[in-house]
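Comments concern the structure below.
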Amino acid sequence: NAGVTQTPKFQVLKTGQSMTLQCAQDMNHEYMSWYRQDPGMGLRLIHYSVGAGITDQGEVPNGYNVSRSTTEDFPLRLLSAAPSQTSVYFCASRGERTFNEKLFFGSGTQLSVL
Amino acid sequence: GESVGLHLPTLSVQEGDNSIINCAYSNSASDYFIWYKQESGKGPQFIIDIRSNMDKRQGQRVTVLLNKTVKHLSLQIAATQPGDSAVYFCAETQAPGGGNKLTFGTGTQLKVEL
């Protein structure tokens with residue numbers, strides 16, 4: 001049981017480049033989300049999904065797109081990378097919707113935009 | 001305790017001592033709280049949670065205390081071990097279902113000295 005798997009672990013981009021951060025979970029979780037973590041700050045929610053075909057914005061959605069075509073996968077797309085998007089990105093998933101808010105996190109993707 | 005800014009608050013304790021990590025939350029409507037532990041280079045890991053109808057909950061070597069009057073949360077770790085060295089985050093939301101949008105604190109660095 002792999003849990004939440006994120007790829008790549010590290011990525012360097014030039015300003016204006018696009019890329020997709022991959023996230024997959026094998027726990028049949030309905031809820032998946034993306035957070036970014038910056039130095040000295042807590043995790044901030046970018047986008048989340050409560051099931052296949054359903055996505056919604058979090059606290060800092062600008063510059064990021066998501067889609068949820070399957071239960072297992074929740075990719076995060078940067079259409080035109082900016083230095084302000086240099087951060088560590090975490091994907092997280094959760095099973096029960098109502099009575100268990102426990103999130104399972106991936107190991108993160110460290111992104112640098114030059 | 002936790003604060004906004006570039007530098008993480010740091011708590012240094014001797015191995016075997018008890019640790020107390022504090023967190024102040026701002027949303028009076030929050031009724032579900034979680035503590036996460038994040039080791040270097042890894043994603044956050046669930047430690048313990050508490051609902052607002054409780055003021056104390058115990059786990060294995062950890063206790064969470066909730067004071068709704070002053071909107072304060074604390075995590076107590078008994079007999080602190082080197083493996084407890086990590087950054088600890090509190091998170092708040094409105095449950096049930098509010099876990100779609102967890103709000104994280106900025107974190108406290110716990111250093112265990114041998």
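Chain identifiers are assigned as A, B, and so on, following the order in which chains appear in the structure tokens; residues are numbered from 1 within each chain, and ligands are numbered from 1 in order of appearance.
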Which polymer residues have any atom within 12 Å of an atom of A:Gly108, counting only C-alpha atoms, with same-chain residues fewer than 6 positions away left out, as a list in words?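 That gives Val4, Thr5, Gln6, Thr7, Pro8, Lys9, Phe10, Gln11, Leu21, Gln22, Cys23, Trp34, Tyr35, Arg36, Gln37, Leu43, Ser87, Val88, Tyr89, Phe90, Cys91 and Ala92 of chain A; Gln38, Glu39, Ser40, Gly41, Lys42, Gly43 and Pro44 of chain B.
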Tell me, as a PyMOL selection string, which residues lie within 8 Å of A:Gly58, counting only C-alpha atoms; anything in the same chain fewer than 2 positions away does not count. (chain A and resi 45-48+56+60-61) or (chain B and resi 101)
Give me, as a VMD selection string, the residues of chain B that a backbone DSSP run labels strand (DSSP E). chain B and resid 10 to 14 19 to 24 32 to 38 45 to 51 56 to 58 62 to 67 72 to 77 86 to 93 103 to 104 108 to 113
Select from stretch 5-98 of chain B everything DSSP, run on the backbone, classes as helix (DSSP H, G or I), then give the selection as an MDAnalysis selection string. chainID B and resid 82:84 98
Which residues come within 7 Å of B:Leu73, counting only C-alpha atoms, excluding same-chain residues fewer than 4 positions away, as a ChimeraX atom specification? /B:22-24,65-67
Write a file of the selected residues as a short mmCIF file (atom, residue, chain, number, x, y, z; two decimals), in the first residue's frame, keeping C-alpha atoms.
```
data_model
loop_
_atom_site.label_atom_id
_atom_site.label_comp_id
_atom_site.auth_asym_id
_atom_site.auth_seq_id
_atom_site.Cartn_x
_atom_site.Cartn_y
_atom_site.Cartn_z
CA ASN B 22 1.08 25.95 21.81
CA CYS B 23 -1.22 27.21 19.09
CA ALA B 24 -3.64 30.13 19.01
CA LEU B 65 -5.77 20.40 25.28
CA LEU B 66 -8.38 22.78 23.92
CA ASN B 67 -9.45 26.04 25.57
#
```
Compile the contact shell of A:Asp73 as a list in words: residues with an atom at most 7 Å away, counting only C-alpha atoms, same-chain residues fewer than 3 positions apart removed. Cys23, Ala24, Gln25, Arg68 and Thr70 of chain A
I need the residue nearest chain B from this list: A:Thr55, A:Thr71, A:Thr86, A:Asn62. Use only C-alpha atoms for the distance.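 Checking each candidate against chain B, we get A:Thr55 as the closest.
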Which is closest to A:Val50 among A:Ser93, A:Thr15, A:Thr20, A:Ser80, if we use only C-alpha atoms? A:Ser93
Rounded to one decimal place, report the atom CA of B:Gly107-atom CA of A:Gly40 distance in Å.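 About the pair atom CA of B:Gly107 and atom CA of A:Gly40: they are 7.6 Å apart.
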